[in-house]
>>> print(open('work.cif').read())   # mmCIF, C-alpha atoms
data_input
loop_
_atom_site.label_atom_id
_atom_site.label_comp_id
_atom_site.auth_asym_id
_atom_site.auth_seq_id
_atom_site.Cartn_x
_atom_site.Cartn_y
_atom_site.Cartn_z
CA MET A 1 172.05 40.98 47.35
CA VAL A 2 174.51 43.78 47.18
CA GLY A 3 173.90 44.10 43.45
CA TYR A 4 170.30 45.05 43.91
CA ARG A 5 171.19 48.02 46.03
CA GLN A 6 173.66 49.39 43.54
CA LYS A 7 172.66 51.54 40.70
CA TRP A 8 172.15 49.43 37.61
CA VAL A 9 174.47 50.43 34.78
CA GLN A 10 174.11 49.31 31.18
CA ASP A 11 177.21 47.68 29.69
CA LEU A 12 177.86 50.15 26.90
CA PRO A 13 180.84 50.86 24.68
CA PRO A 14 183.35 53.24 26.14
CA ALA A 15 182.91 56.91 25.54
CA GLY A 16 184.19 57.80 22.12
CA GLY A 17 183.86 54.24 20.81
CA PHE A 18 186.20 51.27 20.72
CA PRO A 19 189.76 51.86 19.53
CA LYS A 20 190.64 50.95 15.97
CA LEU A 21 191.41 47.25 15.48
CA LYS A 22 194.84 46.24 14.27
CA TYR A 23 194.06 43.85 11.45
CA ALA A 24 197.34 44.16 9.57
CA ARG A 25 199.08 40.83 9.16
CA THR A 26 201.84 40.12 11.63
CA SER A 27 204.89 38.84 9.88
CA THR A 28 206.13 35.52 11.21
CA SER A 29 209.69 36.28 10.26
CA PRO A 30 211.55 39.58 10.11
CA ILE A 31 213.60 38.23 7.21
CA PRO A 32 211.94 38.17 3.78
CA GLY A 33 211.38 34.78 2.23
CA ALA A 34 213.66 35.48 -0.70
CA TYR A 35 216.60 36.03 1.63
CA ILE A 36 215.86 32.81 3.48
CA PHE A 37 215.78 30.88 0.23
CA ALA A 38 218.98 32.54 -0.91
CA GLY A 39 220.69 31.63 2.35
CA VAL A 40 219.55 28.01 2.20
CA PHE A 41 220.62 27.61 -1.42
CA SER A 42 223.96 29.20 -0.63
CA ILE A 43 224.57 26.67 2.12
CA MET A 44 223.53 23.87 -0.23
CA ALA A 45 225.89 25.18 -2.89
CA VAL A 46 228.80 25.29 -0.45
CA GLY A 47 228.03 21.75 0.70
CA THR A 48 227.80 20.55 -2.88
CA TYR A 49 231.14 22.12 -3.74
CA ILE A 50 232.83 20.57 -0.71
CA PHE A 51 231.36 17.16 -1.43
CA PHE A 52 232.27 17.05 -5.10
CA SER A 53 235.78 18.38 -4.54
CA ASP A 54 236.31 15.62 -1.99
CA LYS A 55 234.76 13.10 -4.37
CA VAL A 56 237.11 14.08 -7.20
CA GLU A 57 240.08 13.80 -4.86
CA ARG A 58 238.93 10.41 -3.59
CA ASN A 59 238.40 9.12 -7.11
CA ALA A 60 241.87 10.27 -8.12
CA ARG A 61 243.37 8.53 -5.11
CA GLU A 62 241.58 5.29 -5.89
CA GLU A 63 242.63 5.48 -9.53
CA GLU A 64 246.24 5.90 -8.47
CA GLU A 65 245.99 2.87 -6.21
CA LYS A 66 244.55 0.82 -9.04
CA ARG A 67 247.34 1.83 -11.38
CA ARG A 68 249.93 1.06 -8.74
CA LEU A 69 248.48 -2.40 -8.17
CA SER A 70 248.17 -3.13 -11.87
CA MET A 71 251.86 -2.35 -12.30
CA ILE A 72 252.94 -5.08 -9.90
CA LEU A 73 250.27 -7.55 -10.95
CA PRO A 74 252.58 -9.65 -13.20
CA ILE A 75 255.09 -10.02 -10.38
CA LEU A 76 252.36 -11.15 -8.01
CA GLN A 77 251.14 -13.68 -10.56
CA ALA A 78 254.67 -14.97 -11.09
CA GLU A 79 255.28 -15.36 -7.36
CA ASN A 80 251.97 -17.14 -6.99
CA ASP A 81 252.81 -19.57 -9.78
CA ILE A 82 256.28 -20.26 -8.38
CA ASN A 83 254.90 -20.97 -4.92
CA PHE A 84 252.27 -23.29 -6.31
CA LEU A 85 254.67 -25.27 -8.45
CA ALA A 86 257.24 -25.51 -5.65
CA SER A 87 254.85 -26.93 -3.09
CA PRO A 88 255.68 -30.63 -2.57
CA HIS A 89 252.19 -32.15 -2.46
CA GLN A 90 249.94 -29.52 -3.96
CA ASN A 91 251.32 -28.99 -7.42
CA VAL A 92 249.78 -30.17 -10.67
CA TYR A 93 251.24 -33.68 -10.27
CA PHE A 94 249.35 -34.49 -7.07
CA THR A 95 246.05 -32.62 -7.19
CA ARG A 96 243.63 -31.09 -9.61
CA TRP A 97 243.15 -28.04 -7.42
CA MET A 98 244.38 -24.80 -8.87
CA PRO A 99 244.75 -21.59 -6.87
CA PRO A 100 242.61 -18.65 -7.95
CA GLN A 101 244.26 -16.38 -10.42
CA THR A 102 245.92 -13.29 -9.13
CA GLY A 103 243.60 -11.31 -11.36
CA LYS A 104 240.61 -12.44 -9.35
CA ARG A 105 242.49 -11.77 -6.15
CA ALA A 106 243.44 -8.37 -7.48
CA ALA A 107 239.81 -7.74 -8.32
CA ALA A 108 238.92 -8.54 -4.73
CA LEU A 109 241.65 -6.23 -3.53
CA LEU A 110 240.45 -3.49 -5.82
CA ARG A 111 236.95 -3.90 -4.51
CA ASP A 112 238.21 -3.59 -0.96
CA LEU A 113 240.11 -0.39 -1.69
CA MET B 3 231.18 -30.27 10.54
CA GLU B 4 232.85 -28.19 13.21
CA ASN B 5 232.85 -25.22 10.88
CA MET B 6 229.16 -25.65 10.18
CA LEU B 7 228.39 -25.89 13.88
CA TYR B 8 230.42 -22.76 14.52
CA ILE B 9 228.52 -20.90 11.81
CA ILE B 10 225.18 -21.95 13.27
CA ILE B 11 226.14 -20.96 16.79
CA GLU B 12 227.59 -17.64 15.66
CA GLY B 13 224.50 -16.83 13.63
CA GLY B 14 222.24 -17.74 16.50
CA LEU B 15 224.15 -15.58 18.94
CA LYS B 16 224.14 -12.64 16.55
CA SER B 17 220.42 -13.03 15.98
CA LEU B 18 219.81 -13.17 19.71
CA ILE B 19 221.86 -10.03 20.28
CA VAL B 20 220.00 -8.16 17.55
CA ILE B 21 216.58 -9.23 18.81
CA ILE B 22 217.33 -8.44 22.45
CA GLY B 23 218.81 -5.07 21.55
CA LEU B 24 215.81 -4.31 19.39
CA LEU B 25 213.32 -5.23 22.10
CA ILE B 26 215.11 -3.10 24.67
CA GLY B 27 215.30 -0.24 22.18
CA VAL B 28 211.61 -0.48 21.42
CA ALA B 29 210.72 -0.60 25.11
CA PHE B 30 212.64 2.52 26.00
CA ALA B 31 211.55 4.26 22.80
CA THR B 32 207.97 4.00 24.01
CA LEU B 33 209.01 5.37 27.39
CA LEU B 34 210.92 8.21 25.72
CA GLU B 35 207.90 9.05 23.63
CA ARG B 36 205.54 9.16 26.56
CA LYS B 37 207.93 11.21 28.64
CA VAL B 38 208.68 13.72 25.89
CA MET B 39 205.04 14.14 24.94
CA ALA B 40 204.16 14.58 28.60
CA ALA B 41 206.78 17.28 28.95
CA MET B 42 205.49 19.05 25.85
CA GLN B 43 201.97 18.92 27.29
CA LYS B 44 203.00 20.05 30.79
CA ARG B 45 202.37 16.78 32.59
CA ARG B 46 204.58 14.16 34.16
CA GLY B 47 204.05 11.03 32.10
CA PRO B 48 204.88 7.60 33.52
CA ASN B 49 206.22 8.09 37.03
CA VAL B 50 204.82 5.31 39.22
CA VAL B 51 206.40 2.02 38.16
CA GLY B 52 210.06 1.89 39.06
CA PHE B 53 212.25 4.94 39.55
CA VAL B 54 210.54 7.85 37.73
CA GLY B 55 208.74 5.33 35.56
CA LEU B 56 211.74 3.49 34.15
CA LEU B 57 210.06 0.11 34.53
CA GLN B 58 206.86 1.17 32.80
CA PRO B 59 207.79 -0.57 29.51
CA LEU B 60 208.31 -3.85 31.36
CA ALA B 61 204.95 -3.46 33.05
CA ASP B 62 203.34 -2.73 29.70
CA GLY B 63 204.92 -5.80 28.16
CA LEU B 64 203.78 -7.96 31.04
CA LYS B 65 200.27 -6.55 30.71
CA LEU B 66 200.14 -7.35 27.01
CA VAL B 67 201.36 -10.90 27.50
CA LEU B 68 198.95 -11.66 30.32
CA LYS B 69 195.89 -10.42 28.46
CA GLU B 70 193.48 -12.88 26.91
CA THR B 71 194.09 -13.69 23.28
CA ILE B 72 190.74 -13.13 21.58
CA ILE B 73 190.23 -14.41 18.06
CA PRO B 74 187.04 -13.26 16.32
CA ILE B 75 184.85 -16.18 15.36
CA VAL B 76 184.44 -14.94 11.80
CA ALA B 77 188.14 -14.22 11.29
CA ASP B 78 190.37 -16.23 8.99
CA LYS B 79 192.28 -17.77 11.86
CA LEU B 80 195.41 -18.88 10.02
CA ILE B 81 196.09 -15.55 8.31
CA TYR B 82 194.93 -13.75 11.43
CA ALA B 83 197.76 -15.46 13.32
CA ILE B 84 200.37 -15.11 10.58
CA ALA B 85 199.97 -11.37 9.95
CA PRO B 86 201.53 -10.02 13.18
CA ILE B 87 204.32 -12.59 13.00
CA LEU B 88 205.05 -11.49 9.44
CA THR B 89 205.12 -7.81 10.39
CA PHE B 90 207.43 -8.37 13.34
CA THR B 91 209.74 -10.69 11.40
CA ILE B 92 210.15 -8.22 8.56
CA SER B 93 210.95 -5.39 10.95
CA ILE B 94 213.65 -7.56 12.53
CA VAL B 95 215.13 -8.71 9.22
CA LEU B 96 215.66 -5.10 8.19
CA TRP B 97 218.10 -4.64 11.04
CA SER B 98 220.48 -7.27 9.73
CA VAL B 99 222.28 -4.84 7.43
CA ILE B 100 222.38 -1.86 9.79
CA ALA B 101 225.87 -1.25 11.10
CA VAL B 102 226.19 -0.71 14.82
CA GLY B 103 229.84 0.18 14.54
CA VAL B 104 232.60 0.43 11.98
CA GLN B 105 232.74 -3.04 10.44
CA SER B 106 230.30 -4.29 13.08
CA VAL B 107 227.26 -5.52 11.22
CA PHE B 108 225.23 -8.71 11.33
CA ALA B 109 225.27 -9.32 7.58
CA SER B 110 227.65 -7.20 5.56
CA ILE B 111 225.90 -6.93 2.21
CA ASN B 112 227.33 -4.78 -0.52
CA SER B 113 223.84 -3.90 -1.68
CA GLY B 114 222.42 -3.07 1.73
CA VAL B 115 220.24 -0.27 0.42
CA ILE B 116 218.63 -2.52 -2.17
CA PHE B 117 218.04 -5.10 0.53
CA ILE B 118 216.31 -2.56 2.76
CA LEU B 119 214.09 -1.33 -0.06
CA ALA B 120 213.15 -4.87 -1.03
CA ILE B 121 212.34 -6.11 2.46
CA SER B 122 210.48 -2.97 3.52
CA SER B 123 208.21 -3.27 0.50
CA ILE B 124 207.10 -6.67 1.80
CA GLY B 125 206.00 -5.06 5.05
CA VAL B 126 202.78 -3.92 3.40
CA TYR B 127 201.48 -7.48 3.27
CA GLY B 128 201.41 -7.89 7.02
CA ILE B 129 199.06 -4.95 7.36
CA ILE B 130 196.87 -5.97 4.45
CA LEU B 131 196.56 -9.51 5.77
CA ALA B 132 195.74 -8.26 9.25
CA GLY B 133 193.05 -5.91 8.01
CA TRP B 134 191.53 -8.50 5.74
CA ALA B 135 191.75 -11.53 8.02
CA SER B 136 190.00 -9.74 10.88
CA ASN B 137 186.81 -9.71 8.82
CA SER B 138 185.90 -6.34 10.24
CA LYS B 139 184.96 -3.25 8.29
CA TYR B 140 187.07 -0.95 10.40
CA ALA B 141 190.13 -3.17 10.27
CA PHE B 142 189.73 -3.64 6.53
CA LEU B 143 189.50 0.09 5.89
CA GLY B 144 192.48 0.67 8.13
CA GLY B 145 194.48 -1.94 6.27
CA LEU B 146 193.60 -0.47 2.89
CA ARG B 147 194.43 3.03 4.03
CA SER B 148 197.73 1.97 5.48
CA ALA B 149 198.73 -0.03 2.43
CA ALA B 150 197.77 2.79 0.07
CA GLN B 151 199.72 5.42 1.92
CA MET B 152 202.76 3.20 2.45
CA VAL B 153 202.91 2.34 -1.24
CA SER B 154 202.35 5.95 -2.25
CA TYR B 155 205.08 7.44 -0.13
CA GLU B 156 207.49 4.59 -0.74
CA VAL B 157 207.82 5.83 -4.32
CA ALA B 158 208.99 9.25 -3.17
CA LEU B 159 211.27 7.74 -0.55
CA GLY B 160 212.71 5.38 -3.14
CA LEU B 161 213.51 8.29 -5.43
CA ILE B 162 215.26 10.15 -2.63
CA ILE B 163 217.26 7.04 -1.80
CA LEU B 164 218.15 6.75 -5.47
CA SER B 165 219.47 10.29 -5.25
CA ILE B 166 221.60 9.31 -2.27
CA ILE B 167 222.90 6.27 -4.13
CA THR B 168 223.73 8.35 -7.18
CA TYR B 169 225.42 10.98 -5.08
CA ALA B 170 227.57 8.50 -3.19
CA GLY B 171 228.15 6.17 -6.11
CA THR B 172 227.51 3.06 -4.03
CA VAL B 173 224.70 1.01 -2.52
CA ASN B 174 226.78 -0.07 0.47
CA LEU B 175 225.64 1.60 3.66
CA GLN B 176 229.15 1.74 5.06
CA GLU B 177 230.49 3.49 1.97
CA ILE B 178 227.56 5.90 1.95
CA MET B 179 228.57 6.95 5.45
CA GLU B 180 232.22 7.23 4.42
CA ASN B 181 231.26 9.56 1.59
CA GLN B 182 229.92 11.98 4.19
CA GLU B 183 233.24 12.37 5.94
CA LYS B 184 233.76 15.92 4.71
CA VAL B 185 230.18 17.11 4.56
CA TRP B 186 226.92 15.45 5.55
CA PHE B 187 224.37 14.89 2.81
CA ILE B 188 221.82 16.99 4.65
CA ILE B 189 223.68 20.14 3.60
CA PRO B 190 223.77 19.67 -0.19
CA LEU B 191 220.49 17.72 -0.22
CA LEU B 192 218.40 19.59 2.33
CA PRO B 193 215.13 19.38 0.32
CA GLY B 194 215.74 15.68 -0.10
CA PHE B 195 216.11 15.32 3.64
CA LEU B 196 212.79 17.05 4.24
CA LEU B 197 211.05 14.82 1.71
CA ALA B 198 212.66 11.72 3.20
CA PHE B 199 211.61 12.75 6.69
CA ILE B 200 208.00 13.25 5.59
CA SER B 201 208.03 9.93 3.76
CA ALA B 202 209.51 8.20 6.78
CA LEU B 203 206.71 9.55 8.95
CA THR B 204 204.16 8.20 6.50
CA GLU B 205 205.86 4.84 6.06
CA THR B 206 205.67 4.25 9.78
CA ASN B 207 202.08 5.56 10.14
CA ARG B 208 203.16 8.35 12.45
CA PRO B 209 201.24 11.58 13.09
CA PRO B 210 200.29 13.67 11.15
CA PHE B 211 200.04 10.67 8.79
CA ASP B 212 198.47 8.15 11.16
CA LEU B 213 195.18 7.86 9.29
CA PRO B 214 195.13 4.03 9.45
CA GLU B 215 195.12 4.35 13.21
CA ALA B 216 192.73 7.29 13.48
CA GLU B 217 191.18 6.77 16.87
CA ALA B 218 188.03 8.73 16.20
CA GLU B 219 187.20 7.00 12.93
CA LEU B 220 188.58 3.49 12.69
CA VAL B 221 189.32 2.66 16.33
CA SER B 222 193.03 1.99 15.69
CA GLY B 223 192.62 0.57 12.22
CA TYR B 224 194.07 -2.68 11.00
CA ASN B 225 194.91 -4.06 14.44
CA VAL B 226 191.58 -3.24 16.06
CA GLU B 227 190.65 -6.91 16.53
CA TYR B 228 194.01 -7.98 17.94
CA SER B 229 194.71 -8.42 21.60
CA SER B 230 197.58 -9.60 23.80
CA THR B 231 200.45 -11.12 21.81
CA GLY B 232 199.15 -10.17 18.37
CA PHE B 233 198.83 -6.54 19.29
CA ALA B 234 202.20 -6.68 21.04
CA LEU B 235 203.86 -7.92 17.87
CA PHE B 236 202.27 -5.16 15.80
CA PHE B 237 203.32 -2.63 18.40
CA LEU B 238 206.88 -3.95 18.45
CA GLY B 239 207.03 -3.99 14.67
CA GLU B 240 205.78 -0.43 14.43
CA TYR B 241 208.30 0.96 16.89
CA ALA B 242 211.10 -1.14 15.42
CA ASN B 243 210.33 0.48 12.09
CA ILE B 244 210.35 3.91 13.71
CA ILE B 245 213.80 3.34 15.17
CA LEU B 246 214.98 1.89 11.87
CA MET B 247 213.79 4.93 9.95
CA SER B 248 215.53 7.20 12.44
CA VAL B 249 218.78 5.30 12.03
CA LEU B 250 218.45 5.22 8.24
CA LEU B 251 217.86 8.96 8.08
CA SER B 252 220.95 9.51 10.20
CA VAL B 253 222.93 7.16 7.94
CA PHE B 254 221.76 8.74 4.70
CA PHE B 255 221.84 12.40 5.68
CA LEU B 256 223.72 12.94 8.94
CA GLY B 257 226.86 10.89 8.41
CA GLY B 258 225.85 7.91 10.51
CA ILE B 259 228.54 6.33 12.65
CA VAL B 260 231.53 6.77 10.38
CA SER B 261 233.37 9.18 12.63
CA ASN B 262 232.14 8.37 16.10
CA LYS B 263 229.97 5.54 17.31
CA ILE B 264 228.44 7.45 20.21
CA LEU B 265 227.81 10.49 18.04
CA GLY B 266 226.15 8.25 15.48
CA ALA B 267 223.85 6.83 18.13
CA MET B 268 223.02 10.34 19.27
CA LYS B 269 222.06 11.23 15.71
CA GLY B 270 219.65 8.32 15.59
CA VAL B 271 218.13 9.25 18.94
CA GLY B 272 217.88 12.85 17.76
CA MET B 273 215.90 11.76 14.74
CA LEU B 274 213.70 9.66 17.01
CA CYS B 275 213.05 12.72 19.15
CA SER B 276 212.10 14.56 15.95
CA PHE B 277 209.50 11.88 15.28
CA ILE B 278 208.09 12.41 18.76
CA TRP B 279 208.26 16.18 18.38
CA VAL B 280 206.16 16.06 15.23
CA ARG B 281 203.56 13.91 16.93
CA ALA B 282 203.09 16.37 19.77
CA THR B 283 202.81 19.45 17.58
CA LEU B 284 200.94 18.67 14.35
CA PRO B 285 197.32 17.67 13.75
CA ARG B 286 196.27 14.83 11.49
CA TYR B 287 195.88 15.12 7.73
CA ARG B 288 192.70 14.38 5.85
CA TYR B 289 193.03 11.37 3.59
CA ASP B 290 192.57 13.16 0.29
CA GLN B 291 195.13 15.72 1.40
CA LEU B 292 197.47 12.86 2.26
CA MET B 293 197.18 11.31 -1.18
CA TYR B 294 197.49 14.67 -2.90
CA LEU B 295 200.64 15.49 -0.96
CA GLY B 296 202.20 12.14 -1.77
CA TRP B 297 201.53 11.93 -5.48
CA LYS B 298 201.36 15.55 -6.59
CA SER B 299 203.83 17.29 -4.29
CA LEU B 300 206.44 14.91 -2.95
CA LEU B 301 206.79 12.69 -6.00
CA PRO B 302 207.41 15.47 -8.57
CA PHE B 303 209.73 17.22 -6.18
CA ALA B 304 211.66 14.00 -5.50
CA LEU B 305 211.91 13.37 -9.23
CA LEU B 306 213.22 16.89 -9.75
CA ILE B 307 215.87 16.35 -7.07
CA TYR B 308 216.84 13.05 -8.66
CA ILE B 309 217.25 14.64 -12.09
CA GLY B 310 219.33 17.42 -10.58
CA VAL B 311 221.55 14.95 -8.75
CA ILE B 312 222.07 12.86 -11.88
CA SER B 313 222.97 15.98 -13.84
CA MET B 314 225.56 17.02 -11.30
CA VAL B 315 227.09 13.57 -11.04
CA LEU B 316 227.33 13.18 -14.80
CA ILE B 317 228.88 16.61 -15.26
CA ILE B 318 231.45 16.32 -12.48
CA LYS B 319 233.82 13.40 -12.87
#
>>> encode(input="work.cif", output="structure tokens")
Amino acid sequence: MVGYRQKWVQDLPPAGGFPKLKYARTSTSPIPGAYIFAGVFSIMAVGTYIFFSDKVERNAREEEEKRRLSMILPILQAENDINFLASPHQNVYFTRWMPPQTGKRAAALLRDL
Amino acid sequence: MENMLYIIIEGGLKSLIVIIGLLIGVAFATLLERKVMAAMQKRRGPNVVGFVGLLQPLADGLKLVLKETIIPIVADKLIYAIAPILTFTISIVLWSVIAVGVQSVFASINSGVIFILAISSIGVYGIILAGWASNSKYAFLGGLRSAAQMVSYEVALGLIILSIITYAGTVNLQEIMENQEKVWFIIPLLPGFLLAFISALTETNRPPFDLPEAEAELVSGYNVEYSSTGFALFFLGEYANIILMSVLLSVFFLGGIVSNKILGAMKGVGMLCSFIWVRATLPRYRYDQLMYLGWKSLLPFALLIYIGVISMVLIIK
């Protein structure tokens, strides 16, 4: 009931009008988009360089291992044949079983490298 | 005979370990999701059952098992029963090639990536069968939507995975992780990671791509008619796929577990938290926007990345 005793005042705009609205777009990032893209692509380029340099090195290492193994492959085959023929009950005179060739074993080794 | 018995027992034990670990992971993934979403929405989440709600997943599981199994009278009962079993089985089979440690894997397959792609493509059938066998319009629409979006985004995801395979030069998951010893693939293939993340969200029907389960339109989509065990199997399969996608993203882009087992697990959990984060922040897509994004934005971009990767690999020997 207090309101009825007070002087009634119309809700009007303030004197001099409302202040000017700020309708300019607020940037979500202080950094321009082009710089962000440049930064991201730079990081990607560095990562790509690191990866491929490591890949080339790894491939070279694996190739060296393969060459090293292929050098001693005849000796491994010879040792395998000698052991098979020297076994008392497992050579060609007692069984039809033949051991896998060293080439296949070498292939398995190469795959495991 | 002894050897055969040993193989059977070993396989059974391994299967049991994988299944138990998966169930526990799914249970606490649901708890993690509810807790994280509650924190992001300024509420407490589960806090009544057990100490600060730690036993809530067990209570939920018990609730689901004790509910009445209702089968609609007009449903195709055989397919209605097979569909959730199929979905759950496929989600478990996918875990057989995921390494949980260095040289610690259930089935060490040289073509693990191919295996994952092949088995995950079968997962669509479980949803289609569920939607169709329910003989309900809402379930049918949900099944069609889910199948369409899974197939659509699987193409883009497949292309990104092809890029990873080309980059690493192998389809063995272990060797893919070893190739990231110097630098993770997320750094040279950051756009590919973003595309893979979006595709993973869609493959698992996660927000903002959860249109098959749109609550306001289809009343949870393809599994609307399922209750008790059937719904539990769909739920388990869905969350198992979510965890699987998190682990796969960490394997393909974040180095996986090649350097440190604990760090690898943290990467997977981090990706899982990203899934939850997206759910709590983004609204749902409209279906035409979903299809447009998949076929006209992600697919060309994925193809462009693949061509770029092939070019680099062919140039650099």
>>> atom_distance(input="work.cif", atom1="atom CA of B:Ala149", atom2="atom CA of B:Ala282")
24.3 Å
>>> interface_residues(input="work.cif", of="chain B", to="chain A", cutoff="10 Å", atoms="all atoms listed in the file", output="list of chain:residue names")
B:Tyr169, B:Ala170, B:Gly171, B:Asn181, B:Gln182, B:Glu183, B:Lys184, B:Val185, B:Trp186, B:Phe187, B:Ile188, B:Ile189, B:Pro190, B:Leu191, B:Leu192, B:Pro193, B:Met314, B:Val315, B:Ile318, B:Lys319
>>> resolve_selection(input="work.cif", expression="the PyMOL selection byres ((chain B and resi 84) around 10)", output="tab-separated table (two decimals) with C-alpha atoms, keeping the file's coordinate frame")
chain	number	residue	atom	x	y	z
B	79	LYS	CA	192.28	-17.77	11.86
B	80	LEU	CA	195.41	-18.88	10.02
B	81	ILE	CA	196.09	-15.55	8.31
B	82	TYR	CA	194.93	-13.75	11.43
B	83	ALA	CA	197.76	-15.46	13.32
B	85	ALA	CA	199.97	-11.37	9.95
B	86	PRO	CA	201.53	-10.02	13.18
B	87	ILE	CA	204.32	-12.59	13.00
B	88	LEU	CA	205.05	-11.49	9.44
B	89	THR	CA	205.12	-7.81	10.39
B	128	GLY	CA	201.41	-7.89	7.02
B	131	LEU	CA	196.56	-9.51	5.77
B	132	ALA	CA	195.74	-8.26	9.25
B	135	ALA	CA	191.75	-11.53	8.02
B	232	GLY	CA	199.15	-10.17	18.37
>>> resolve_selection(input="work.cif", expression="the PyMOL selection byres ((chain B and resi 226-228) around 8)", output="PyMOL selection string")
chain B and resi 71-74+136+138+140-141+221-225+229-230+232-233
>>> write_last_selection(input="work.cif", atoms="C-alpha atoms", output="JSON list (two decimals), in the coordinates of the input")
[["chain", "number", "residue", "atom", "x", "y", "z"],
["B", 71, "THR", "CA", 194.09, -13.69, 23.28],
["B", 72, "ILE", "CA", 190.74, -13.13, 21.58],
["B", 73, "ILE", "CA", 190.23, -14.41, 18.06],
["B", 74, "PRO", "CA", 187.04, -13.26, 16.32],
["B", 136, "SER", "CA", 190.00, -9.74, 10.88],
["B", 138, "SER", "CA", 185.90, -6.34, 10.24],
["B", 140, "TYR", "CA", 187.07, -0.95, 10.40],
["B", 141, "ALA", "CA", 190.13, -3.17, 10.27],
["B", 221, "VAL", "CA", 189.32, 2.66, 16.33],
["B", 222, "SER", "CA", 193.03, 1.99, 15.69],
["B", 223, "GLY", "CA", 192.62, 0.57, 12.22],
["B", 224, "TYR", "CA", 194.07, -2.68, 11.00],
["B", 225, "ASN", "CA", 194.91, -4.06, 14.44],
["B", 229, "SER", "CA", 194.71, -8.42, 21.60],
["B", 230, "SER", "CA", 197.58, -9.60, 23.80],
["B", 232, "GLY", "CA", 199.15, -10.17, 18.37],
["B", 233, "PHE", "CA", 198.83, -6.54, 19.29]]
>>> resolve_selection(input="work.cif", expression="the PyMOL selection byres ((chain B and resi 116) around 12)", output="PyMOL selection string")
chain B and resi 96+99+111-115+117-123+160+163-164+167+172-175
>>> closest_residue(input="work.cif", among="B:Gly144, B:Tyr155, B:Trp279, B:Glu205", to="B:Gln43", atoms="only C-alpha atoms")
B:Trp279
>>> atom_distance(input="work.cif", atom1="atom CA of B:Phe53", atom2="atom CA of B:Leu68")
23.2 Å
>>> residues_around(input="work.cif", residues="B:Val28", least_positions_apart="2", cutoff="7 Å", atoms="all atoms listed in the file", output="PyMOL selection string")
chain B and resi 24-26+30-32+238+241-242
>>> write_last_selection(input="work.cif", atoms="C-alpha atoms", output="PDB file, in the frame of the given file")
ATOM      1  CA  LEU B  24     215.810  -4.310  19.390  1.00  0.00           C
ATOM      2  CA  LEU B  25     213.320  -5.230  22.100  1.00  0.00           C
ATOM      3  CA  ILE B  26     215.110  -3.100  24.670  1.00  0.00           C
ATOM      4  CA  PHE B  30     212.640   2.520  26.000  1.00  0.00           C
ATOM      5  CA  ALA B  31     211.550   4.260  22.800  1.00  0.00           C
ATOM      6  CA  THR B  32     207.970   4.000  24.010  1.00  0.00           C
ATOM      7  CA  LEU B 238     206.880  -3.950  18.450  1.00  0.00           C
ATOM      8  CA  TYR B 241     208.300   0.960  16.890  1.00  0.00           C
ATOM      9  CA  ALA B 242     211.100  -1.140  15.420  1.00  0.00           C
TER      10      ALA B 242
END
>>> residues_around(input="work.cif", residues="stretch 267-276 of chain B", least_positions_apart="3", cutoff="9 Å", atoms="all atoms listed in the file", output="PyMOL selection string")
chain B and resi 31+34-35+38+102+244-253+256-259+262-264+279-281
>>> write_last_selection(input="work.cif", atoms="C-alpha atoms", output="PDB file, in the frame of the given file")
ATOM      1  CA  ALA B  31     211.550   4.260  22.800  1.00  0.00           C
ATOM      2  CA  LEU B  34     210.920   8.210  25.720  1.00  0.00           C
ATOM      3  CA  GLU B  35     207.900   9.050  23.630  1.00  0.00           C
ATOM      4  CA  VAL B  38     208.680  13.720  25.890  1.00  0.00           C
ATOM      5  CA  VAL B 102     226.190  -0.710  14.820  1.00  0.00           C
ATOM      6  CA  ILE B 244     210.350   3.910  13.710  1.00  0.00           C
ATOM      7  CA  ILE B 245     213.800   3.340  15.170  1.00  0.00           C
ATOM      8  CA  LEU B 246     214.980   1.890  11.870  1.00  0.00           C
ATOM      9  CA  MET B 247     213.790   4.930   9.950  1.00  0.00           C
ATOM     10  CA  SER B 248     215.530   7.200  12.440  1.00  0.00           C
ATOM     11  CA  VAL B 249     218.780   5.300  12.030  1.00  0.00           C
ATOM     12  CA  LEU B 250     218.450   5.220   8.240  1.00  0.00           C
ATOM     13  CA  LEU B 251     217.860   8.960   8.080  1.00  0.00           C
ATOM     14  CA  SER B 252     220.950   9.510  10.200  1.00  0.00           C
ATOM     15  CA  VAL B 253     222.930   7.160   7.940  1.00  0.00           C
ATOM     16  CA  LEU B 256     223.720  12.940   8.940  1.00  0.00           C
ATOM     17  CA  GLY B 257     226.860  10.890   8.410  1.00  0.00           C
ATOM     18  CA  GLY B 258     225.850   7.910  10.510  1.00  0.00           C
ATOM     19  CA  ILE B 259     228.540   6.330  12.650  1.00  0.00           C
ATOM     20  CA  ASN B 262     232.140   8.370  16.100  1.00  0.00           C
ATOM     21  CA  LYS B 263     229.970   5.540  17.310  1.00  0.00           C
ATOM     22  CA  ILE B 264     228.440   7.450  20.210  1.00  0.00           C
ATOM     23  CA  TRP B 279     208.260  16.180  18.380  1.00  0.00           C
ATOM     24  CA  VAL B 280     206.160  16.060  15.230  1.00  0.00           C
ATOM     25  CA  ARG B 281     203.560  13.910  16.930  1.00  0.00           C
TER      26      ARG B 281
END
>>> atom_distance(input="work.cif", atom1="atom CA of B:Val76", atom2="atom CA of B:Leu146")
19.3 Å
